[in-house]
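Everything below belongs to target.csv, which stores CSV, C-alpha atoms.
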```csv
chain,number,residue,atom,x,y,z
A,364,MET,CA,233.7,54.2,225.8
A,365,ARG,CA,237.1,54.6,227.3
A,366,PRO,CA,239.8,52.2,226.3
A,367,THR,CA,240.7,49.5,228.8
A,368,GLY,CA,244.0,48.0,229.8
A,369,SER,CA,247.1,48.9,231.8
A,370,LYS,CA,248.8,52.2,231.4
A,371,ALA,CA,251.7,50.6,229.6
A,372,GLU,CA,249.3,48.8,227.2
A,373,LEU,CA,247.5,52.1,226.5
A,374,LYS,CA,250.8,53.9,225.9
A,375,ARG,CA,251.9,51.1,223.5
A,376,ARG,CA,248.6,51.4,221.6
A,377,ARG,CA,249.0,55.2,221.2
A,378,ARG,CA,252.6,54.9,220.0
A,379,LEU,CA,251.7,52.1,217.7
A,380,GLY,CA,248.9,54.2,216.2
A,381,VAL,CA,251.2,57.2,215.7
A,382,ALA,CA,253.8,55.0,214.0
A,383,LEU,CA,251.2,53.4,211.7
A,384,HIS,CA,249.8,56.9,210.8
A,385,ARG,CA,253.3,58.2,209.9
A,386,SER,CA,254.5,55.2,207.9
A,387,GLY,CA,251.4,53.5,206.5
A,388,ARG,CA,253.0,50.1,207.2
A,389,SER,CA,251.0,47.1,208.3
A,390,VAL,CA,249.9,46.4,211.8
A,391,ALA,CA,251.6,43.0,211.8
A,392,ARG,CA,255.0,44.5,210.9
A,393,TRP,CA,254.9,47.2,213.6
A,394,THR,CA,253.6,44.6,216.2
A,395,LYS,CA,256.5,42.3,215.4
A,396,MET,CA,259.0,45.2,215.7
A,397,PHE,CA,257.5,46.1,219.1
A,398,GLU,CA,257.7,42.5,220.3
A,399,GLN,CA,261.4,42.4,219.3
A,400,GLY,CA,262.5,45.8,220.5
A,401,GLY,CA,259.9,47.1,222.9
A,402,ASP,CA,258.9,50.8,223.1
A,403,ASP,CA,262.2,52.0,221.6
A,404,ALA,CA,261.4,50.1,218.4
A,405,LEU,CA,258.5,52.4,217.8
A,406,ASP,CA,260.6,55.6,217.9
A,407,PRO,CA,260.9,57.3,214.5
A,408,ILE,CA,264.3,56.7,212.8
A,409,PRO,CA,265.8,60.1,212.1
A,410,ASN,CA,266.7,60.7,208.5
A,411,ALA,CA,270.0,62.5,208.5
A,412,GLY,CA,270.1,63.0,204.7
A,413,GLY,CA,273.2,62.9,202.6
A,414,LYS,CA,276.5,64.1,203.8
A,415,SER,CA,277.2,67.8,203.1
A,416,ARG,CA,279.6,68.5,200.3
A,417,LEU,CA,280.9,71.5,202.2
A,418,SER,CA,283.2,70.7,205.2
A,419,ASP,CA,282.8,72.5,208.5
A,420,THR,CA,285.7,74.8,207.5
A,421,ASP,CA,284.0,75.6,204.2
A,422,ARG,CA,280.7,76.4,205.9
A,423,ALA,CA,282.5,78.7,208.3
A,424,LYS,CA,284.2,80.5,205.4
A,425,LEU,CA,280.9,80.8,203.5
A,426,ALA,CA,279.2,82.4,206.5
A,427,ALA,CA,282.1,84.8,206.8
A,428,LEU,CA,281.8,85.7,203.1
A,429,LEU,CA,278.1,86.3,203.4
A,430,GLN,CA,278.6,88.5,206.5
A,431,LEU,CA,280.9,90.8,204.5
A,432,GLY,CA,278.1,91.6,202.0
A,433,ALA,CA,277.4,90.9,198.4
A,434,ARG,CA,279.5,93.8,197.1
A,435,THR,CA,282.7,92.2,198.4
A,436,SER,CA,281.9,89.3,196.1
A,437,GLU,CA,281.7,91.6,193.1
A,438,PHE,CA,277.9,91.9,193.0
A,439,PRO,CA,276.3,95.3,192.2
A,440,THR,CA,274.2,95.5,195.4
A,441,GLU,CA,274.4,94.1,198.9
A,442,LEU,CA,271.4,91.8,198.4
A,443,TRP,CA,272.1,88.1,198.7
A,444,THR,CA,269.8,86.0,196.5
A,445,LEU,CA,269.9,82.2,196.2
A,446,ARG,CA,271.4,82.4,192.8
A,447,ARG,CA,274.2,84.7,194.0
A,448,VAL,CA,275.0,82.5,197.0
A,449,ARG,CA,275.0,79.5,194.6
A,450,ASP,CA,277.5,81.2,192.4
A,451,VAL,CA,279.7,82.1,195.4
A,452,ILE,CA,279.7,78.4,196.6
A,453,GLU,CA,280.6,77.2,193.1
A,454,ARG,CA,283.4,79.8,192.7
A,455,GLU,CA,284.9,79.5,196.1
A,456,PHE,CA,284.5,75.8,196.8
A,457,ASP,CA,284.0,74.2,193.4
A,458,VAL,CA,280.7,72.7,194.5
A,459,ARG,CA,277.6,72.9,192.4
A,460,TYR,CA,274.4,73.3,194.5
A,461,SER,CA,270.8,73.4,193.4
A,462,ILE,CA,268.7,76.4,194.4
A,463,SER,CA,266.8,74.3,197.0
A,464,ASN,CA,270.1,73.1,198.5
A,465,VAL,CA,271.3,76.7,198.8
A,466,HIS,CA,268.1,77.5,200.7
A,467,VAL,CA,268.7,74.6,203.2
A,468,ALA,CA,272.4,75.6,203.6
A,469,LEU,CA,271.5,79.2,204.4
A,470,HIS,CA,269.0,78.2,207.0
A,471,SER,CA,271.6,75.9,208.6
A,472,LEU,CA,274.0,78.9,208.8
A,473,GLY,CA,271.5,81.0,210.7
A,474,PHE,CA,270.3,83.1,207.7
A,475,SER,CA,266.7,83.8,206.8
A,476,PRO,CA,264.9,85.5,204.0
A,477,GLN,CA,264.3,89.2,204.9
A,478,LYS,CA,263.0,92.3,203.2
A,479,ALA,CA,265.7,94.9,202.9
A,480,VAL,CA,265.1,98.3,204.3
A,481,ARG,CA,265.7,101.1,201.8
A,482,ARG,CA,268.0,103.9,202.6
A,483,ALA,CA,268.7,107.0,200.5
A,484,ARG,CA,272.2,107.3,199.2
A,485,GLU,CA,272.1,111.0,200.2
A,486,GLN,CA,271.3,110.2,203.9
A,487,ASN,CA,273.9,111.2,206.5
A,488,THR,CA,274.0,108.2,208.8
A,489,GLU,CA,276.0,110.0,211.4
A,490,ALA,CA,273.3,112.7,211.6
A,491,VAL,CA,270.7,110.0,212.0
A,492,GLU,CA,272.5,108.4,214.9
A,493,ARG,CA,273.3,111.8,216.4
A,494,PHE,CA,269.6,112.6,216.4
A,495,ARG,CA,268.7,109.3,218.1
A,496,ASP,CA,271.5,109.5,220.7
A,497,VAL,CA,271.7,113.2,221.4
A,498,LYS,CA,268.8,115.3,220.0
A,499,TRP,CA,266.0,112.9,220.8
A,500,PRO,CA,266.8,112.7,224.6
A,501,HIS,CA,266.9,116.5,224.5
A,502,ILE,CA,263.5,116.7,222.8
A,503,LYS,CA,262.1,114.3,225.4
A,504,LYS,CA,263.1,116.8,228.1
A,505,SER,CA,260.3,119.0,226.8
A,506,GLU,CA,257.8,116.8,228.7
A,507,GLN,CA,259.2,118.3,231.9
A,508,GLU,CA,257.5,121.6,230.6
A,509,GLY,CA,254.3,119.7,230.0
A,510,ARG,CA,254.6,119.7,226.2
A,511,VAL,CA,253.1,117.0,224.0
A,512,LEU,CA,255.3,115.5,221.3
A,513,ALA,CA,253.7,115.2,217.9
A,514,LEU,CA,255.6,113.2,215.2
A,515,SER,CA,253.9,114.2,211.9
A,516,ASP,CA,254.0,113.3,208.2
A,517,GLU,CA,251.9,113.3,205.0
A,518,SER,CA,251.1,110.6,202.5
A,519,GLY,CA,248.8,109.9,199.6
A,520,PHE,CA,246.4,107.0,198.8
A,521,MET,CA,245.4,106.0,195.3
A,522,LEU,CA,242.5,103.9,193.9
A,523,GLN,CA,244.7,101.0,192.8
A,524,PRO,CA,245.5,98.6,195.7
A,525,SER,CA,249.1,98.4,196.7
A,526,SER,CA,249.7,94.6,196.8
A,527,PRO,CA,246.6,92.5,196.1
A,528,ARG,CA,246.8,88.8,197.0
A,529,THR,CA,244.3,86.0,196.4
A,530,TRP,CA,244.1,82.2,196.0
A,531,ALA,CA,243.2,80.9,192.5
A,532,PRO,CA,243.6,77.7,190.5
A,533,ARG,CA,247.2,77.3,189.2
A,534,GLY,CA,247.7,78.9,185.8
A,535,GLU,CA,244.4,80.9,186.0
A,536,THR,CA,245.4,84.4,187.0
A,537,PRO,CA,242.4,86.3,188.5
A,538,GLU,CA,241.4,89.7,187.4
A,539,LEU,CA,240.8,92.6,189.9
A,540,ILE,CA,238.5,95.3,188.5
A,541,CYS,CA,239.8,98.6,189.6
A,542,GLY,CA,239.0,102.2,188.8
A,543,ALA,CA,241.3,103.6,186.1
A,544,ARG,CA,240.8,107.2,187.3
A,545,TYR,CA,243.6,108.9,189.2
A,546,ASP,CA,241.5,109.9,192.2
A,547,ARG,CA,243.7,110.6,195.2
A,548,VAL,CA,243.3,111.2,198.9
A,549,SER,CA,246.0,113.1,200.7
A,550,ALA,CA,246.4,112.5,204.4
A,551,ILE,CA,248.4,114.2,207.2
A,552,SER,CA,248.6,112.6,210.6
A,553,ALA,CA,250.5,113.0,213.9
A,554,ILE,CA,251.4,110.5,216.6
A,555,THR,CA,251.2,112.3,219.9
A,556,ILE,CA,253.0,111.3,223.1
A,557,SER,CA,251.7,112.8,226.3
A,558,PRO,CA,254.2,114.0,228.9
A,559,HIS,CA,255.1,111.7,231.8
A,560,ALA,CA,252.4,109.1,231.2
A,561,HIS,CA,253.6,108.5,227.6
A,562,ARG,CA,250.1,107.8,226.3
A,563,THR,CA,249.9,107.9,222.5
A,564,GLY,CA,247.3,109.1,220.2
A,565,LEU,CA,246.8,109.6,216.4
A,566,TYR,CA,245.3,112.6,214.9
A,567,PHE,CA,244.7,112.9,211.1
A,568,ARG,CA,243.1,114.9,208.4
A,569,LEU,CA,242.2,113.9,204.9
A,570,LEU,CA,242.0,116.1,201.8
A,571,ARG,CA,241.0,115.6,198.2
A,572,GLY,CA,244.0,117.4,196.9
A,573,ASN,CA,247.5,118.3,198.0
A,574,PHE,CA,248.4,119.8,201.4
A,575,ASN,CA,249.9,123.2,201.3
A,576,ALA,CA,251.2,125.4,204.1
A,577,ASP,CA,247.8,126.7,204.9
A,578,GLU,CA,246.2,123.3,205.3
A,579,ILE,CA,249.2,122.0,207.3
A,580,GLU,CA,248.9,125.0,209.7
A,581,ARG,CA,245.2,124.3,210.1
A,582,PHE,CA,246.0,120.7,211.1
A,583,VAL,CA,248.8,121.8,213.5
A,584,ARG,CA,246.3,124.1,215.3
A,585,GLN,CA,243.7,121.3,215.3
A,586,VAL,CA,246.1,119.0,217.1
A,587,GLN,CA,247.0,121.6,219.7
A,588,ARG,CA,243.4,122.3,220.5
A,589,ALA,CA,242.7,118.6,220.8
A,590,VAL,CA,245.6,117.9,223.3
A,591,ARG,CA,245.1,121.3,225.2
A,592,ARG,CA,248.8,121.6,225.8
A,593,PRO,CA,251.8,123.2,224.1
A,594,VAL,CA,253.0,120.9,221.3
A,595,THR,CA,256.4,120.1,220.0
A,596,PHE,CA,256.1,119.0,216.3
A,597,VAL,CA,258.8,116.7,214.9
A,598,TRP,CA,258.7,116.3,211.1
A,599,ASP,CA,260.8,116.3,207.9
A,600,ARG,CA,262.3,119.3,206.0
A,601,LEU,CA,259.4,119.8,203.6
A,602,SER,CA,259.3,123.4,202.5
A,603,ALA,CA,255.7,123.7,203.7
A,604,HIS,CA,256.8,122.5,207.2
A,605,ARG,CA,259.5,125.2,207.4
A,606,THR,CA,256.9,127.8,206.3
A,607,VAL,CA,254.5,126.8,209.0
A,608,ALA,CA,257.3,126.8,211.6
A,609,LYS,CA,258.3,130.3,210.6
A,610,ARG,CA,254.6,131.5,210.7
A,611,LEU,CA,254.2,130.2,214.3
A,612,GLU,CA,257.7,131.1,215.5
A,613,GLY,CA,256.5,133.5,218.2
A,614,ASP,CA,253.7,131.4,219.5
A,615,ALA,CA,254.7,129.6,222.8
A,616,ARG,CA,252.1,126.9,222.2
A,617,PHE,CA,254.1,125.5,219.3
A,618,GLU,CA,257.7,124.3,218.8
A,619,PHE,CA,259.0,122.7,215.6
A,620,ILE,CA,262.0,120.4,215.2
A,621,LEU,CA,263.3,119.1,211.8
A,622,LEU,CA,264.5,115.6,211.3
A,623,PRO,CA,267.8,115.0,209.4
A,624,ALA,CA,267.5,115.0,205.6
A,625,TYR,CA,266.5,111.7,203.8
A,626,ALA,CA,265.7,109.9,207.1
A,627,PRO,CA,262.1,108.8,206.9
A,628,THR,CA,262.8,105.8,209.2
A,629,LEU,CA,263.3,108.2,212.1
A,630,ASN,CA,259.6,109.2,212.0
A,631,PRO,CA,257.2,106.7,213.5
A,632,ASP,CA,254.4,108.3,211.5
A,633,GLU,CA,255.9,106.6,208.4
A,634,TRP,CA,254.9,103.3,210.0
A,635,VAL,CA,251.3,104.5,210.1
A,636,TRP,CA,251.3,104.8,206.3
A,637,ARG,CA,253.0,101.5,205.8
A,638,TYR,CA,250.6,99.7,208.0
A,639,ALA,CA,247.6,101.3,206.5
A,640,LYS,CA,248.7,100.8,202.9
A,641,HIS,CA,250.3,97.4,203.0
A,642,HIS,CA,248.1,95.7,205.7
A,643,LEU,CA,244.7,97.3,206.2
A,644,LEU,CA,244.1,98.5,202.7
A,645,ALA,CA,246.4,96.1,200.7
A,646,ASN,CA,243.6,94.1,199.2
A,647,SER,CA,240.9,96.7,198.9
A,648,CYS,CA,239.7,98.1,195.6
A,649,PRO,CA,237.6,101.2,196.0
A,650,MET,CA,235.6,102.1,192.9
A,651,ASN,CA,235.8,105.9,193.3
A,652,GLY,CA,237.3,108.6,195.4
A,653,ASP,CA,234.5,108.7,197.9
A,654,ALA,CA,234.9,105.0,198.7
A,655,LEU,CA,238.7,105.5,198.9
A,656,GLU,CA,238.3,108.3,201.4
A,657,ARG,CA,235.9,106.2,203.5
A,658,GLY,CA,238.4,103.3,203.5
A,659,VAL,CA,241.3,105.5,204.5
A,660,ARG,CA,239.3,107.2,207.3
A,661,ALA,CA,238.3,103.8,208.7
A,662,ALA,CA,241.8,102.4,208.5
A,663,LEU,CA,243.4,105.4,210.3
A,664,GLY,CA,240.5,105.5,212.8
A,665,GLY,CA,241.2,101.9,213.7
A,666,ILE,CA,244.9,102.6,214.1
A,667,ALA,CA,244.1,105.5,216.4
A,668,LYS,CA,242.4,103.1,218.8
A,669,ARG,CA,245.4,100.8,219.1
A,670,GLN,CA,247.9,101.9,221.8
A,671,ASP,CA,250.0,98.8,221.2
A,672,LEU,CA,250.3,99.6,217.5
A,673,LEU,CA,251.3,103.2,218.1
A,674,HIS,CA,253.9,102.2,220.7
A,675,GLY,CA,255.2,99.6,218.2
A,676,PHE,CA,255.6,102.3,215.5
A,677,ILE,CA,257.7,104.3,217.9
A,678,ARG,CA,259.8,101.3,218.7
A,679,GLY,CA,260.2,100.6,215.0
A,680,ALA,CA,261.8,104.0,214.6
A,681,ARG,CA,264.1,103.2,217.5
A,682,LEU,CA,263.1,106.2,219.5
A,683,PRO,CA,263.0,105.2,223.2
A,684,LEU,CA,260.3,106.6,225.4
```
Rewrite the structure from the file as structure tokens, please.
Amino acid sequence: MRPTGSKAELKRRRRLGVALHRSGRSVARWTKMFEQGGDDALDPIPNAGGKSRLSDTDRAKLAALLQLGARTSEFPTELWTLRRVRDVIEREFDVRYSISNVHVALHSLGFSPQKAVRRAREQNTEAVERFRDVKWPHIKKSEQEGRVLALSDESGFMLQPSSPRTWAPRGETPELICGARYDRVSAISAITISPHAHRTGLYFRLLRGNFNADEIERFVRQVQRAVRRPVTFVWDRLSAHRTVAKRLEGDARFEFILLPAYAPTLNPDEWVWRYAKHHLLANSCPMNGDALERGVRAALGGIAKRQDLLHGFIRGARLPL
């Protein structure tokens, strides 16, 4: 049955019901408040909380200190933790904050918890930027010759899950029964980008062992036969990669370009491994090598069907199409 009454009355009833639900106060008290103050009396009263012990000037100075990085505040790394920020606030402003208050203060300054991206100390950042700004556009011109781009890399999968997560009663840590053997599945894959249309694909090959130059060359030829076009392979400076490039140097169907040293983030294929290991296979626990191989094959096969994922991996490497 639909409620009866004027629109204003129905609106009052709804607002009164919401107010009662939020506060748990009696109907008589809220009715009296409504009679005295009308609709505005039912509006929730904002709770501004206590006054901040840091002035606006102090907050601006704190934000500037955080932007400079943790090393400038004499910490060994650039990572800002809640305890480090708390120590900075106490040292600079003589104000003692709890960890929860530091969390609130950082959010109010526009900071959020993030996972840091690792970068090798040996990496030449200028070479990385030069590859993105200069060499990558030059590589892209190969599509004018009808060549397919293939961004390739290798990885390995173990029996133990990478980051298992589950719900359990507090204080009762669950057990995950995993195989103790060191069975391993090696994988090589390549994200392909077609010329002009920029359609992406994923080709992969699994091996119960390690990939050597012979196996990598076999995979390279497999990709070229599948795309039926000349292929430009882009990969890291692994010695086996250089060996394969030298073997196929005179074959016009193949071209090989090496990424800068210690720059895995330039290769979108690295994102394939991250997504497979830390998302698709994160909570799996295969009991033997055969089950592991089936899981890896299914995960990579699922990724190969997702154009949106593959384009996202390329954007993650900051390589414009």
With all atoms listed in the file as the atoms that count, which of A:Val491, A:Leu445, A:Val586, A:Ile540 lies nearest to Pro627 of chain A?
-> A:Val491
Name the residues in contact with segment 577-579 of chain A at a cut-off of 8 Å, using only C-alpha atoms, excluding same-chain residues fewer than 2 positions from it; report them as number ranges by chain.
-> A: 551, 574-575, 581-583, 603-604, 607
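With atom CA of Leu629 of chain A on one side and atom CA of Thr555 of chain A on the other, the separation reads 15.0 Å.
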Residues at most 9 Å from Tyr566 of chain A, counting all atoms listed in the file, excluding those fewer than 2 positions away in the same chain, as a PyMOL selection string?
-> chain A and resi 551-555+564+568+582+585-586+589+663-664+667
Distance in Å - atom CA of Lys414 of chain A versus atom CA of His466 of chain A = 16.1 Å
So how many Å separate atom CA of Leu682 of chain A and atom CA of Arg495 of chain A, to one decimal?
-> 6.6 Å
Could you give me, as a VMD selection string, the residues that sit within 12 Å of (265.7, 113.3, 213.5) in the file's coordinates, counting only C-alpha atoms?
-> chain A and resid 486 to 502 514 to 515 596 to 600 619 to 631 680 to 682
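With distances taken over all atoms listed in the file, A:Thr563 is the one residue among A:Thr563, A:Asn646, A:Ser518, A:Thr435 lying closest to Leu673 of chain A.
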Exercise: residues within 12 Å of coordinate (236.8, 103.4, 196.6), counting only C-alpha atoms, as a count of residues only | 30
Find the spatial neighbours of Ser505 of chain A, counting all atoms listed in the file, within a cut-off of 9 Å - ignore same-chain residues fewer than 6 positions away - and output them as a VMD selection string.
-> chain A and resid 511 to 512 558 595
Which residue of A:Arg562, A:Leu469, A:Gln477, A:Arg533 approaches Arg669 of chain A most closely, using all atoms listed in the file | A:Arg562
Contacts of Gly432 of chain A at 12 Å or less, counting only C-alpha atoms, minus same-chain residues fewer than 2 places along, as a ChimeraX atom specification?
-> /A:425-430,434-444,447-448,451
